[in-house]
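Trainee: Handing you a structure now.
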Amino acid sequence: MPKGLRIAINTGGGDAPGLNAVIEAVTMSAYHRGWEVFGIKNGYQGLLDTDEIIRLTPEKVRNISSTGGTILGTTNRGNPFAMPVKTIDGQVEIKDVSDKILENFKRLKFDCLIAVGGDGSLKIAYDFFKKGMPVIGVPKTIDNDLGGTVITFGFDTAVSIATEAIDRLHSTARSHERVIVVEVMGRRAGWIALNSGISGNAHVILIPEIPFNIDKVCEHITSLELEGIKYAIVVAAEGAVPQGGKEIIKEGAKDGRQDVVLGGVAEYVAKEIAKKTGKDTRSLVLGHLQRGGSPTTFDRLLALRFGAAAIRAIENRQFGHMVALHPPLVTTVPLEDALSTMKKVPLDSDTIITARDLGICFGD
Ligand code: F6P
């Protein structure tokens with residue numbers, strides 16, 4: 001077994017419940033091998049300004065696996081290979097600062113970077129790997145849209161929170177005979193909407209993989225009356241698109257953010273339903289509630305397994321790989337493969353078929 005390794009770890013992109021569990025497992029598994037672990041603050045930023053790097057010891061990480069967020073901080077802005085940097089005259093210039101990061105990594109005598117992130121952060125990790133940095137990826141995202149792994153940690157917690165919210169909306173919607181449209185996260189994949197919508201007995205689920213026809217949605221809501229149901233719950237993924245239309249955007253990509261901010265589909269759908277059916281309609285956006293707080297037991301365990309597996313992957317010198325869940329095993333896959341395709345909901349999946357069997361409408 002290699003002795004005395006120095007491992008760096010960062011967390012990048014949007015936070016997800018389970019990040020601290022990965023940090024705990026990485027630190028403890030390394031400690032038991034006689035290795036040292038160093039926490040890099042705020043994604044890759046902490047390898048540019050190296051003042052805040054913290055040595056992670058068992059005392060620092062003990063029992064953090066049950067807590068939400070990340071003790072290392074995170075950001076979904078700023079790619080070191082194309083970083084917006086302010087010039088002296090106040091202008092913004094795009095600069096490649098990756099050489100500086102690699103130089104700092106070598107100066108600090110790190111043997112490997114464990115990058116915990118979604119597709120954006122892991123793509124950066126892969127670019128560093130190609131530049132000569134030994135890297136191991138750990139897949140994180142509530143959206144569950146990363147390839148190479150059956151599931152990412154954070155997803156189960158987000159689905160549980162969304163399901164609980166949907167459960168609660170039934171009683172108020174029923175009491176007022178209202179239609180309530182609830183928008184959930186997930187970017188361009190419908191995993192959160194689908195799983196929480198089915199579990200929460202939604203009447204309509206709108207996902208990016210199935211562009212919806214608003215008239216079909218309205219027809220379904222009206223037809224529920226024949227069964228004596230005078231209210232409806234519609235779960236809309238933030239990336240759901242009307243047939244022939246475009247995704248609804250709250251904010252464009254700016255200030256180093258590589259993707260647009262999706263948002264507004266629930267309000268759009270609610271207004272259309274009100275207009276076309278005359279029903280009293282409300283909308284709400286669950287937003288960051290889905291990312292906050294403690295991880296579920298499933299996510300906690302998965303994140304602990306991923307963290308420990310990342311250390312074993314270093315031992316096996318599997319640099320350029322990502323740990324992944326292929327039940328019942330946690331294995332490794334090349335980062336290149338994991339990043340090559342976004343994981344969308346397969347239209348022939350038994351979950352979609354189950355929803356249709358249950359009478360849930362997808363607006364198609
Ligand atoms: O990727 C995770 C995610 O929560 C998406 O579901 C959502 O579109 C996005 O991040 C929101 O980003 P922000 O935290 O910048 O609002």
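In the structure tokens, each chain is lettered A, B, ... as it comes, each chain's residues begin at 1, and ligands are numbered from 1 in order of appearance.
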Can you tell me, as a PyMOL selection string, what residues are no more than 12 Å from Val235 in chain A when counting only C-alpha atoms, ignoring any on the same chain fewer than 2 positions away?
Mentor: chain A and resi 162-163+165-167+169-170+179-185+190-208+217+232-233+237-240+265-267+269-270+283-286+360-363
Trainee: What residues have any atom no more than 8 Å from ligand 1 when counting only C-alpha atoms and all ligand atoms, and can you list them as a PyMOL selection string?
Mentor: chain A and resi 13-16+76+118+141-143+184-187+238+261-263+287-288+290-291
Trainee: Find the residue from A:Ile229, A:Ile101, A:Ile273, A:Ile161 that sits nearest to Leu289 in chain A; use only C-alpha atoms when measuring.
Mentor: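 The closest residue to Leu289 in chain A is A:Ile161.
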Trainee: Write out as a list in words each polymer residue whose atoms come within 7 Å of range 36-38 of chain A, counting only C-alpha atoms; drop sequence neighbours fewer than 2 positions from it.
Mentor: Gly4, Leu5, Arg6, Ile7, Ala8, Ile9, Thr27, Ala30, Tyr31, Gly34, Ile40, Ile53, Ile54, Arg55 and Leu56 of chain A
Trainee: Write the residues of the preceding selection, restricted to C-alpha atoms, as a PDB file, in the first residue's frame.
Mentor:
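Printed below is out05.pdb as written:
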ATOM      1  CA  GLY A   4       2.071   8.958   3.254  1.00  0.00           C
ATOM      2  CA  LEU A   5      -0.036  10.167   0.318  1.00  0.00           C
ATOM      3  CA  ARG A   6      -1.388  13.723   0.330  1.00  0.00           C
ATOM      4  CA  ILE A   7      -4.934  13.837  -1.021  1.00  0.00           C
ATOM      5  CA  ALA A   8      -6.781  17.028  -1.963  1.00  0.00           C
ATOM      6  CA  ILE A   9     -10.590  17.076  -2.083  1.00  0.00           C
ATOM      7  CA  THR A  27     -10.839  11.512   5.419  1.00  0.00           C
ATOM      8  CA  ALA A  30      -7.248   7.916   4.131  1.00  0.00           C
ATOM      9  CA  TYR A  31      -6.463   8.282   7.838  1.00  0.00           C
ATOM     10  CA  GLY A  34      -1.719   6.763   7.078  1.00  0.00           C
ATOM     11  CA  ILE A  40      -9.901  22.794  -0.967  1.00  0.00           C
ATOM     12  CA  ILE A  53      -6.723  24.985   2.430  1.00  0.00           C
ATOM     13  CA  ILE A  54      -7.605  22.993   5.544  1.00  0.00           C
ATOM     14  CA  ARG A  55      -6.101  19.761   6.797  1.00  0.00           C
ATOM     15  CA  LEU A  56      -8.983  17.355   7.359  1.00  0.00           C
TER      16      LEU A  56
END
Trainee: I'd like to know which of A:Leu358, A:Asn144, A:Gly90, A:Met83 is closest to Thr157 in chain A, using only C-alpha atoms.
Mentor: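 Among the listed residues, the smallest separation from Thr157 in chain A belongs to A:Asn144.
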Trainee: Could you check how far CA of Glu209 in chain A sits from CA of Val323 in chain A, in Å to one decimal?
Mentor: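 Result for CA of Glu209 in chain A versus CA of Val323 in chain A: 26.6 Å, one decimal.
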Trainee: Give me the residues within 9 Å of Leu122 in chain A as a PyMOL selection string, counting only C-alpha atoms and dropping any in the same chain fewer than 4 places off.
Mentor: chain A and resi 12+115-118+126-127+137-139+322+335+339
Trainee: Using only C-alpha atoms, which of the listed residues (A:Gly148, A:Pro295, A:Gly320, A:Pro2) sits closest to Asn20 in chain A?
Mentor: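 Of the candidates, the smallest distance to Asn20 in chain A is held by A:Pro295.
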Trainee: If you run DSSP on the backbone, which residues of range 139-330 of chain A are strand (DSSP E), as an MDAnalysis selection string?
Mentor: chainID A and resid 139 179:184 204:206 232:237 249:251 261:262 281:285 321:326 329:330
Trainee: Any chance you can output those residues with N, CA and C atoms as a CSV table (one decimal), in the first residue's frame?
Mentor:
chain,number,residue,atom,x,y,z
A,139,PRO,N,-19.4,11.2,-8.2
A,139,PRO,CA,-20.6,11.8,-8.8
A,139,PRO,C,-21.7,12.3,-7.8
A,179,VAL,N,-56.3,23.7,-8.8
A,179,VAL,CA,-55.2,23.0,-9.5
A,179,VAL,C,-53.9,23.6,-9.0
A,180,ILE,N,-53.0,22.8,-8.5
A,180,ILE,CA,-51.7,23.3,-8.0
A,180,ILE,C,-50.6,22.8,-8.9
A,181,VAL,N,-49.9,23.7,-9.4
A,181,VAL,CA,-48.7,23.2,-10.3
A,181,VAL,C,-47.4,23.5,-9.5
A,182,VAL,N,-46.7,22.4,-9.2
A,182,VAL,CA,-45.5,22.5,-8.4
A,182,VAL,C,-44.3,22.2,-9.3
A,183,GLU,N,-43.3,23.2,-9.3
A,183,GLU,CA,-42.1,23.1,-10.1
A,183,GLU,C,-41.0,22.5,-9.3
A,184,VAL,N,-40.4,21.4,-9.8
A,184,VAL,CA,-39.2,20.8,-9.1
A,184,VAL,C,-38.0,21.0,-10.0
A,204,VAL,N,-50.8,14.9,-13.0
A,204,VAL,CA,-50.0,15.2,-14.3
A,204,VAL,C,-48.5,15.4,-13.9
A,205,ILE,N,-47.7,14.8,-14.8
A,205,ILE,CA,-46.2,15.0,-14.6
A,205,ILE,C,-45.6,15.5,-15.9
A,206,LEU,N,-44.9,16.6,-15.8
A,206,LEU,CA,-44.4,17.2,-17.1
A,206,LEU,C,-42.8,17.1,-17.0
A,232,ALA,N,-56.5,19.1,-8.8
A,232,ALA,CA,-55.4,18.4,-9.5
A,232,ALA,C,-54.1,18.9,-9.0
A,233,ILE,N,-53.1,17.9,-9.0
A,233,ILE,CA,-51.7,18.2,-8.7
A,233,ILE,C,-50.9,18.0,-10.0
A,234,VAL,N,-50.3,19.0,-10.4
A,234,VAL,CA,-49.4,18.9,-11.6
A,234,VAL,C,-48.0,19.1,-11.1
A,235,VAL,N,-47.1,18.1,-11.4
A,235,VAL,CA,-45.7,18.3,-11.1
A,235,VAL,C,-44.9,18.6,-12.4
A,236,ALA,N,-44.3,19.7,-12.4
A,236,ALA,CA,-43.5,20.1,-13.6
A,236,ALA,C,-42.0,20.2,-13.3
A,237,ALA,N,-41.3,19.5,-14.1
A,237,ALA,CA,-39.8,19.6,-14.0
A,237,ALA,C,-39.4,21.0,-14.5
A,249,ILE,N,-36.7,30.1,-19.2
A,249,ILE,CA,-35.4,30.5,-18.5
A,249,ILE,C,-35.7,31.7,-17.6
A,250,LYS,N,-35.1,31.6,-16.4
A,250,LYS,CA,-35.2,32.7,-15.4
A,250,LYS,C,-34.1,33.7,-15.6
A,251,GLU,N,-33.0,33.2,-15.9
A,251,GLU,CA,-31.8,34.0,-16.0
A,251,GLU,C,-30.8,33.4,-17.0
A,261,VAL,N,-30.2,29.7,-15.9
A,261,VAL,CA,-31.0,29.3,-14.7
A,261,VAL,C,-32.4,29.0,-15.3
A,262,LEU,N,-32.8,27.7,-15.1
A,262,LEU,CA,-34.2,27.4,-15.6
A,262,LEU,C,-35.2,27.8,-14.5
A,281,THR,N,-56.4,28.2,-10.0
A,281,THR,CA,-55.1,27.6,-10.1
A,281,THR,C,-54.0,28.3,-9.4
A,282,ARG,N,-53.1,27.6,-8.8
A,282,ARG,CA,-51.9,28.2,-8.1
A,282,ARG,C,-50.7,27.5,-8.6
A,283,SER,N,-49.5,28.2,-8.4
A,283,SER,CA,-48.2,27.5,-8.7
A,283,SER,C,-47.3,27.8,-7.6
A,284,LEU,N,-46.3,26.9,-7.5
A,284,LEU,CA,-45.2,27.1,-6.5
A,284,LEU,C,-44.0,26.5,-7.0
A,285,VAL,N,-42.9,27.0,-6.6
A,285,VAL,CA,-41.5,26.5,-7.0
A,285,VAL,C,-40.8,26.0,-5.7
A,321,HIS,N,-10.7,8.2,-13.4
A,321,HIS,CA,-12.0,7.5,-13.3
A,321,HIS,C,-12.9,8.1,-12.2
A,322,MET,N,-14.1,7.7,-12.3
A,322,MET,CA,-15.1,8.2,-11.3
A,322,MET,C,-15.7,7.0,-10.6
A,323,VAL,N,-15.9,7.1,-9.3
A,323,VAL,CA,-16.6,6.0,-8.7
A,323,VAL,C,-18.1,6.0,-9.1
A,324,ALA,N,-18.7,4.8,-9.1
A,324,ALA,CA,-20.1,4.8,-9.7
A,324,ALA,C,-20.9,3.6,-9.0
A,325,LEU,N,-22.2,3.8,-9.0
A,325,LEU,CA,-23.0,2.7,-8.4
A,325,LEU,C,-23.6,1.9,-9.5
A,326,HIS,N,-23.2,0.6,-9.5
A,326,HIS,CA,-23.9,-0.4,-10.4
A,326,HIS,C,-24.3,-1.5,-9.5
A,329,LEU,N,-22.9,-3.2,-6.7
A,329,LEU,CA,-21.5,-2.8,-6.5
A,329,LEU,C,-21.3,-1.3,-6.6
A,330,VAL,N,-20.3,-0.8,-5.9
A,330,VAL,CA,-19.7,0.5,-6.2
A,330,VAL,C,-18.4,0.2,-7.0
Trainee: Of the candidates A:Thr277, A:Thr331, A:Ser160, A:Thr297, which one gets nearest to Glu225 in chain A if we count only C-alpha atoms?
Mentor: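 Using only C-alpha atoms, the shortest distance to Glu225 in chain A belongs to A:Thr277.
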Trainee: Go through range 21-173 of chain A and collect every residue that DSSP, computed from the backbone, puts in alpha helix (DSSP H); the answer should be as a ChimeraX atom specification.
Mentor: /A:21-31,58-61,98-107,119-130,155-173
Trainee: Can you tell me, as a list in words, what residues are no more than 7 Å from Asp156 in chain A when counting only C-alpha atoms, ignoring any on the same chain fewer than 4 positions away?
Mentor: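 Residues meeting the cut-off are Ser160, Thr296, Phe298 and Asp299 of chain A.
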Trainee: Please save N, CA and C atoms of the selected residues as a PDB file, in the first residue's frame.
Mentor:
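Printed below is part-v2.pdb as written:
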ATOM      1  N   SER A 160     -37.338  12.775  -1.954  1.00  0.00           N
ATOM      2  CA  SER A 160     -38.106  12.641  -0.699  1.00  0.00           C
ATOM      3  C   SER A 160     -38.729  13.980  -0.305  1.00  0.00           C
ATOM      4  N   THR A 296     -30.939  11.764   3.176  1.00  0.00           N
ATOM      5  CA  THR A 296     -31.662  10.563   3.610  1.00  0.00           C
ATOM      6  C   THR A 296     -30.627   9.477   3.945  1.00  0.00           C
ATOM      7  N   PHE A 298     -30.372   6.649   2.582  1.00  0.00           N
ATOM      8  CA  PHE A 298     -29.867   6.102   1.311  1.00  0.00           C
ATOM      9  C   PHE A 298     -28.708   6.953   0.798  1.00  0.00           C
ATOM     10  N   ASP A 299     -28.908   8.283   0.768  1.00  0.00           N
ATOM     11  CA  ASP A 299     -27.859   9.166   0.247  1.00  0.00           C
ATOM     12  C   ASP A 299     -26.628   9.174   1.134  1.00  0.00           C
TER      13      ASP A 299
END
Trainee: I'd like the neighbourhood of Gly18 in chain A as a short mmCIF file (atom, residue, chain, number, x, y, z; two decimals) with C-alpha atoms, in the first residue's frame, where a residue qualifies if any of its atoms comes within 8 Å (using only C-alpha atoms), though same-chain residues fewer than 4 positions away should be ignored.
Mentor:
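File out-v3.cif, as written:
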data_model
loop_
_atom_site.label_atom_id
_atom_site.label_comp_id
_atom_site.auth_asym_id
_atom_site.auth_seq_id
_atom_site.Cartn_x
_atom_site.Cartn_y
_atom_site.Cartn_z
CA VAL A 22 -18.14 11.86 1.14
CA SER A 65 -22.16 12.69 7.34
CA SER A 66 -25.60 13.53 8.72
CA THR A 67 -25.33 17.24 7.90
CA GLY A 68 -26.43 19.10 4.76
CA GLY A 69 -24.33 21.35 2.52
CA PHE A 153 -26.11 10.90 -4.19
CA GLY A 154 -28.40 13.83 -3.37
CA SER A 294 -29.69 16.31 5.98
CA PRO A 295 -29.30 13.52 3.45
CA ASP A 299 -27.86 9.17 0.25
CA ARG A 300 -25.76 9.13 3.39
CA ALA A 303 -22.00 9.02 -0.24
#
Trainee: Between CA of Phe212 in chain A and CA of Leu347 in chain A, what is the spacing in Å?
Mentor: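 These two atoms are separated by 13.8 Å.
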Trainee: Which residue is closest to Pro334 in chain A? Choose from A:Gly147, A:Pro84, A:Gly278, A:Gly46 and count only C-alpha atoms.
Mentor: A:Gly147
Trainee: Nearest residue to Pro58 in chain A out of A:Lys41, A:His32, A:Lys216, A:Arg305, using only C-alpha atoms?
Mentor: A:His32
